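As structure tokens, the structure follows; a few thoughts come after it.
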Amino acid sequence: MKPVRFFRHVACEPPGYLGRMLDQRACPSELICIDEGVTVPGDLDTVAALVFMGGPGNVAEPTEWMQQELALIQEAAARGIPVLGICLGAQLISQALGGVVMPGESLEAGWHTVEWPENSSPARHWFAGLPSRFEVFQWHAHTWSLPPGAVALARSACFEQQAFAIGNILALQFHLEITAESIQRIVARYPGDLEQVSECVQSAAAITANLDERTRSLYRVAEVIFGRWLDRVYADG
């Protein structure tokens, strides 16, 4: 069984619960730590899928490693290899496949509700079994336009674009993999992001309240959405 290859861009945003789900399914994985200076591997013959995690940076002004990841996403898409992007990773997918990444009107940080259209067949495929509105963890300042052929799957009050899919490629602006420990580390690492509290930006106290309960609820959502993507990754056993 080939592994799922994770690309980590900052230490406080690891594979988290998605890595745990792979372990539970006895599926192998490998972690490429871009934040530690590891070179982006170009080989795709030895992997079942690619996962691009969150992190800082502006995809519209790509660094060298972003350019390498953009090229890798394009090659994976051309070869039909499943790809998942989370936050920055989702923005990379949009840019790689012909969308445009741009600053949003404000930061979106903390626990926010996303909603999906129950009358949309693609959204039902990914989200069936979930309520039409559910709470997720957010921390981003950019958004995207849909790449050609992509179908929008979800929105929030703060950002219209929250998820899209193209075949076996799934892009999620929000974090379902995040752990309570990672949330604490993100809040500590980026306190300046929370200086101006608003409808879209919560305080550190609000973000870190009831973390165990909130992450348990988050993982019930993750089981559905990540589970459907993993079913595609290992559809042939």
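FYI, nothing fancy with the structure tokens labels: chains A, B, ... in order, residues from 1 per chain, ligands from 1 as they appear.
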- Message: So that I can see what lies close to A:Pro41, please list as a list in words the residues with an atom at most 9 Å from it, counting only C-alpha atoms and leaving out residues fewer than 4 positions away in the same chain.
- Response: Ile32, Gln68, Glu69 and Leu72 of chain A
Go through stretch 163-195 of chain A residue by residue and, counting only C-alpha atoms, keep those with an atom at most 10 Å from stretch 199-204 of chain A; for each kept residue give the shortest atom pair and its distance in Å to one decimal, ordered by chain and increasing number, as a tab-separated table.
residue	atom	partner	partner_atom	distance
A:Ile183	CA	A:Ala204	CA	9.9
A:Gln184	CA	A:Ala204	CA	8.9
A:Ile186	CA	A:Ala204	CA	10.0
A:Val187	CA	A:Ala204	CA	6.4
A:Ala188	CA	A:Ala204	CA	8.8
A:Pro191	CA	A:Ala204	CA	7.9
A:Asp193	CA	A:Val201	CA	8.2
A:Leu194	CA	A:Ser203	CA	5.9
A:Glu195	CA	A:Ser203	CA	7.8
Kindly export the residues of the current selection with N, CA and C atoms, as an mmCIF file, in the first residue's frame.
data_model
loop_
_atom_site.group_PDB
_atom_site.id
_atom_site.type_symbol
_atom_site.label_atom_id
_atom_site.label_comp_id
_atom_site.auth_asym_id
_atom_site.auth_seq_id
_atom_site.Cartn_x
_atom_site.Cartn_y
_atom_site.Cartn_z
ATOM 1 N N ILE A 183 -4.045 24.371 18.384
ATOM 2 C CA ILE A 183 -4.768 25.635 18.528
ATOM 3 C C ILE A 183 -4.075 26.535 19.541
ATOM 4 N N GLN A 184 -3.669 25.959 20.666
ATOM 5 C CA GLN A 184 -2.947 26.732 21.676
ATOM 6 C C GLN A 184 -1.654 27.306 21.094
ATOM 7 N N ILE A 186 -0.977 27.958 17.874
ATOM 8 C CA ILE A 186 -1.271 28.984 16.873
ATOM 9 C C ILE A 186 -1.621 30.311 17.551
ATOM 10 N N VAL A 187 -2.453 30.239 18.587
ATOM 11 C CA VAL A 187 -2.822 31.450 19.322
ATOM 12 C C VAL A 187 -1.583 32.125 19.912
ATOM 13 N N ALA A 188 -0.664 31.304 20.427
ATOM 14 C CA ALA A 188 0.563 31.849 21.010
ATOM 15 C C ALA A 188 1.509 32.403 19.949
ATOM 16 N N PRO A 191 -0.335 36.196 18.049
ATOM 17 C CA PRO A 191 -1.232 37.010 18.888
ATOM 18 C C PRO A 191 -1.677 38.299 18.207
ATOM 19 N N ASP A 193 -2.715 38.721 15.303
ATOM 20 C CA ASP A 193 -3.893 38.516 14.465
ATOM 21 C C ASP A 193 -5.190 38.740 15.234
ATOM 22 N N LEU A 194 -5.119 38.662 16.563
ATOM 23 C CA LEU A 194 -6.323 38.708 17.380
ATOM 24 C C LEU A 194 -6.493 40.040 18.108
ATOM 25 N N GLU A 195 -5.726 41.036 17.727
ATOM 26 C CA GLU A 195 -5.776 42.317 18.435
ATOM 27 C C GLU A 195 -7.096 43.046 18.224
#
- Task: Tell me, as a list in words, which residues lie within 9 Å of A:Arg133, counting only C-alpha atoms; anything in the same chain fewer than 4 positions away does not count.
- Result: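 Those residues are Thr113, Val114, Glu115 and Trp116 of chain A.
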May I have the selected residues written with C-alpha atoms, as a PDB file, in the first residue's frame?
ATOM      1  CA  THR A 113     -19.972  28.069  11.172  1.00  0.00           C
ATOM      2  CA  VAL A 114     -19.839  26.915   7.560  1.00  0.00           C
ATOM      3  CA  GLU A 115     -22.851  25.854   5.568  1.00  0.00           C
ATOM      4  CA  TRP A 116     -23.332  23.715   2.495  1.00  0.00           C
TER       5      TRP A 116
END
- Message: Would you pick out the contacts of A:Pro14 at 9 Å or less, using only C-alpha atoms, so that residues sharing its chain but fewer than 6 positions from it are not included, and give the list as a ChimeraX atom specification?
- Response: /A:6-8,31,53-54,177-179,182
- Which distance in Å separates atom CA of A:Ala154 and atom CA of A:Met66, to one decimal? 25.3 Å
- Per DSSP on the backbone, filter stretch 5-237 of chain A down to the residues in strand (DSSP E or B) and report them as a PyMOL selection string. chain A and resi 5-8+29-33+49-52+83-86+101-115+133-144+151-156+163-166+169-172+175+201
- Item | Given only C-alpha atoms as the counted atoms, nearest of A:Val136, A:Ala165, A:Val47, A:Cys158 to A:Leu97 | A:Ala165
- Message: Residues of stretch 14-211 of chain A classed as alpha helix (DSSP H) by DSSP on the backbone are to be reported as an MDAnalysis selection string.
- Response: chainID A and resid 16:24 64:79 88:96 121:127 180:189 204:208 211
- Can you work out the spacing between atom CA of A:Trp229 and atom CA of A:His112 in Å, to one decimal?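 Computed distance, atom CA of A:Trp229 to atom CA of A:His112, equals 22.6 Å.
Distances to A:Ala171 were evaluated for A:Ala60, A:Ala49, A:Leu88, A:Ala235 using only C-alpha atoms, and the minimum falls at A:Leu88.
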- Message: I'd like the neighbourhood of A:Ile81 as a VMD selection string, where a residue qualifies if any of its atoms comes within 8 Å (using only C-alpha atoms), though same-chain residues fewer than 6 positions away should be ignored.
- Response: chain A and resid 48 to 50 168
Go ahead and save the picked residues with N, CA and C atoms, as a PDB file, in the first residue's frame.
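The new file out_0.pdb reads:
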ATOM      1  N   ALA A  48       0.244   7.384  -2.770  1.00  0.00           N
ATOM      2  CA  ALA A  48      -1.163   7.180  -3.083  1.00  0.00           C
ATOM      3  C   ALA A  48      -1.899   8.505  -3.221  1.00  0.00           C
ATOM      4  N   ALA A  49      -1.423   9.526  -2.501  1.00  0.00           N
ATOM      5  CA  ALA A  49      -2.102  10.825  -2.489  1.00  0.00           C
ATOM      6  C   ALA A  49      -1.182  11.865  -1.869  1.00  0.00           C
ATOM      7  N   LEU A  50      -1.554  13.133  -2.050  1.00  0.00           N
ATOM      8  CA  LEU A  50      -0.809  14.250  -1.487  1.00  0.00           C
ATOM      9  C   LEU A  50      -1.735  15.078  -0.607  1.00  0.00           C
ATOM     10  N   ASN A 168     -11.201  13.857  -7.598  1.00  0.00           N
ATOM     11  CA  ASN A 168     -10.650  13.378  -6.327  1.00  0.00           C
ATOM     12  C   ASN A 168      -9.739  14.398  -5.655  1.00  0.00           C
TER      13      ASN A 168
END
- Message: For a quick check of understanding, using only C-alpha atoms, which of A:Trp65, A:Trp144, A:Tyr219, A:Trp126 has the smallest distance to A:Val101?
- Response: A:Trp144
- Query: What is the distance, in Å and to one decimal place, between atom CA of A:Gly80 and atom CA of A:Arg232?
  - Reply: 11.0 Å
- Rank nothing, just name the residue among A:Ile166, A:Val197, A:Ala71, A:Leu176 nearest to A:Ser217, using only C-alpha atoms.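 Under the stated criterion, the closest residue is A:Leu176.
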- Item | Among the residues A:Leu44, A:Ala128, A:Val51, A:Leu22, the one that comes closest to A:Arg5 [using only C-alpha atoms] | A:Val51
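For the set A:Gln173, A:Gln91, A:Thr208, A:Thr46, the residue with the smallest atom-to-atom gap to A:Trp139 is A:Gln173, counting only C-alpha atoms.
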- Within 12 Å of A:Gly99 using only C-alpha atoms, minus same-chain residues under 2 positions, as a ChimeraX atom specification: /A:59-60,70,90-97,101-102,143-150,161,164
Based on the selection just made, write N, CA and C atoms of those residues as a PDB file, in the first residue's frame.
ATOM      1  N   VAL A  59       0.144  32.865  -1.460  1.00  0.00           N
ATOM      2  CA  VAL A  59       0.283  32.032  -2.651  1.00  0.00           C
ATOM      3  C   VAL A  59       0.368  32.883  -3.916  1.00  0.00           C
ATOM      4  N   ALA A  60      -0.221  34.085  -3.895  1.00  0.00           N
ATOM      5  CA  ALA A  60      -0.160  34.970  -5.057  1.00  0.00           C
ATOM      6  C   ALA A  60       1.258  35.495  -5.291  1.00  0.00           C
ATOM      7  N   LEU A  70       3.159  23.986  -6.310  1.00  0.00           N
ATOM      8  CA  LEU A  70       2.182  24.280  -7.353  1.00  0.00           C
ATOM      9  C   LEU A  70       2.388  23.367  -8.556  1.00  0.00           C
ATOM     10  N   ALA A  90      -5.231  24.559   0.408  1.00  0.00           N
ATOM     11  CA  ALA A  90      -6.369  24.753  -0.481  1.00  0.00           C
ATOM     12  C   ALA A  90      -6.117  25.910  -1.440  1.00  0.00           C
ATOM     13  N   GLN A  91      -5.487  26.963  -0.937  1.00  0.00           N
ATOM     14  CA  GLN A  91      -5.151  28.099  -1.790  1.00  0.00           C
ATOM     15  C   GLN A  91      -4.137  27.695  -2.855  1.00  0.00           C
ATOM     16  N   LEU A  92      -3.198  26.838  -2.489  1.00  0.00           N
ATOM     17  CA  LEU A  92      -2.230  26.322  -3.462  1.00  0.00           C
ATOM     18  C   LEU A  92      -2.935  25.551  -4.575  1.00  0.00           C
ATOM     19  N   ILE A  93      -3.928  24.741  -4.196  1.00  0.00           N
ATOM     20  CA  ILE A  93      -4.673  23.980  -5.197  1.00  0.00           C
ATOM     21  C   ILE A  93      -5.398  24.921  -6.153  1.00  0.00           C
ATOM     22  N   SER A  94      -6.063  25.936  -5.610  1.00  0.00           N
ATOM     23  CA  SER A  94      -6.761  26.891  -6.463  1.00  0.00           C
ATOM     24  C   SER A  94      -5.808  27.524  -7.461  1.00  0.00           C
ATOM     25  N   GLN A  95      -4.699  28.036  -6.977  1.00  0.00           N
ATOM     26  CA  GLN A  95      -3.732  28.712  -7.848  1.00  0.00           C
ATOM     27  C   GLN A  95      -3.175  27.749  -8.892  1.00  0.00           C
ATOM     28  N   ALA A  96      -2.837  26.531  -8.469  1.00  0.00           N
ATOM     29  CA  ALA A  96      -2.229  25.563  -9.373  1.00  0.00           C
ATOM     30  C   ALA A  96      -3.167  25.172 -10.511  1.00  0.00           C
ATOM     31  N   LEU A  97      -4.468  25.138 -10.221  1.00  0.00           N
ATOM     32  CA  LEU A  97      -5.424  24.640 -11.208  1.00  0.00           C
ATOM     33  C   LEU A  97      -6.147  25.743 -11.966  1.00  0.00           C
ATOM     34  N   VAL A 101      -5.756  33.503  -6.091  1.00  0.00           N
ATOM     35  CA  VAL A 101      -5.762  33.693  -4.645  1.00  0.00           C
ATOM     36  C   VAL A 101      -5.592  35.174  -4.352  1.00  0.00           C
ATOM     37  N   MET A 102      -6.415  35.681  -3.420  1.00  0.00           N
ATOM     38  CA  MET A 102      -6.420  37.123  -3.148  1.00  0.00           C
ATOM     39  C   MET A 102      -6.712  37.373  -1.674  1.00  0.00           C
ATOM     40  N   THR A 143      -8.441  34.336   0.270  1.00  0.00           N
ATOM     41  CA  THR A 143      -9.481  33.513  -0.322  1.00  0.00           C
ATOM     42  C   THR A 143      -9.087  33.231  -1.767  1.00  0.00           C
ATOM     43  N   TRP A 144      -9.988  32.584  -2.521  1.00  0.00           N
ATOM     44  CA  TRP A 144      -9.655  32.176  -3.881  1.00  0.00           C
ATOM     45  C   TRP A 144     -10.857  32.347  -4.805  1.00  0.00           C
ATOM     46  N   SER A 145     -10.567  32.280  -6.089  1.00  0.00           N
ATOM     47  CA  SER A 145     -11.623  32.076  -7.074  1.00  0.00           C
ATOM     48  C   SER A 145     -11.591  30.601  -7.462  1.00  0.00           C
ATOM     49  N   LEU A 146     -12.728  30.088  -7.909  1.00  0.00           N
ATOM     50  CA  LEU A 146     -12.805  28.669  -8.261  1.00  0.00           C
ATOM     51  C   LEU A 146     -12.002  28.398  -9.529  1.00  0.00           C
ATOM     52  N   PRO A 147     -11.184  27.355  -9.532  1.00  0.00           N
ATOM     53  CA  PRO A 147     -10.505  26.961 -10.764  1.00  0.00           C
ATOM     54  C   PRO A 147     -11.517  26.420 -11.779  1.00  0.00           C
ATOM     55  N   PRO A 148     -11.183  26.407 -13.050  1.00  0.00           N
ATOM     56  CA  PRO A 148     -12.081  25.838 -14.051  1.00  0.00           C
ATOM     57  C   PRO A 148     -12.442  24.387 -13.707  1.00  0.00           C
ATOM     58  N   GLY A 149     -13.715  24.084 -13.771  1.00  0.00           N
ATOM     59  CA  GLY A 149     -14.173  22.730 -13.487  1.00  0.00           C
ATOM     60  C   GLY A 149     -14.445  22.436 -12.034  1.00  0.00           C
ATOM     61  N   ALA A 150     -14.109  23.368 -11.142  1.00  0.00           N
ATOM     62  CA  ALA A 150     -14.320  23.150  -9.705  1.00  0.00           C
ATOM     63  C   ALA A 150     -15.759  23.453  -9.320  1.00  0.00           C
ATOM     64  N   GLN A 161     -15.994  31.549  -0.150  1.00  0.00           N
ATOM     65  CA  GLN A 161     -15.356  30.312  -0.600  1.00  0.00           C
ATOM     66  C   GLN A 161     -14.740  29.567   0.589  1.00  0.00           C
ATOM     67  N   PHE A 164     -13.967  23.447  -2.182  1.00  0.00           N
ATOM     68  CA  PHE A 164     -14.338  23.069  -3.541  1.00  0.00           C
ATOM     69  C   PHE A 164     -13.725  21.717  -3.864  1.00  0.00           C
TER      70      PHE A 164
END
Write out as a compact mmCIF listing (two decimals) with N, CA and C atoms, in the first residue's frame each polymer residue whose atoms come within 10 Å of A:Gly227, counting only C-alpha atoms; drop sequence neighbours fewer than 4 positions from it.
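And here's out.txt as it stands now:
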# COMPACT_ATOMS: atom_id res chain seq x y z
N LEU A 18 -6.17 13.93 10.93
CA LEU A 18 -6.11 13.18 9.67
C LEU A 18 -5.03 12.11 9.74
N MET A 21 -6.46 9.31 11.69
CA MET A 21 -7.39 8.51 10.91
C MET A 21 -6.65 7.51 10.02
N LEU A 22 -5.53 7.94 9.44
CA LEU A 22 -4.74 7.03 8.63
C LEU A 22 -4.19 5.89 9.48
N TRP A 126 -19.89 14.87 -0.54
CA TRP A 126 -18.84 15.05 0.46
C TRP A 126 -19.38 15.21 1.87
N VAL A 221 -17.07 15.70 12.30
CA VAL A 221 -17.15 16.23 10.93
C VAL A 221 -16.00 15.68 10.09
N ALA A 222 -14.81 15.65 10.67
CA ALA A 222 -13.63 15.15 9.97
C ALA A 222 -13.81 13.71 9.52
N GLU A 223 -14.42 12.90 10.37
CA GLU A 223 -14.63 11.50 10.03
C GLU A 223 -15.42 11.36 8.73
N ASP A 231 -11.60 7.26 1.18
CA ASP A 231 -12.23 6.18 0.42
C ASP A 231 -11.84 6.27 -1.06
N ARG A 232 -11.69 7.49 -1.56
CA ARG A 232 -11.25 7.66 -2.94
C ARG A 232 -9.77 7.31 -3.11
N VAL A 233 -8.96 7.68 -2.10
CA VAL A 233 -7.53 7.40 -2.18
C VAL A 233 -7.28 5.90 -2.29
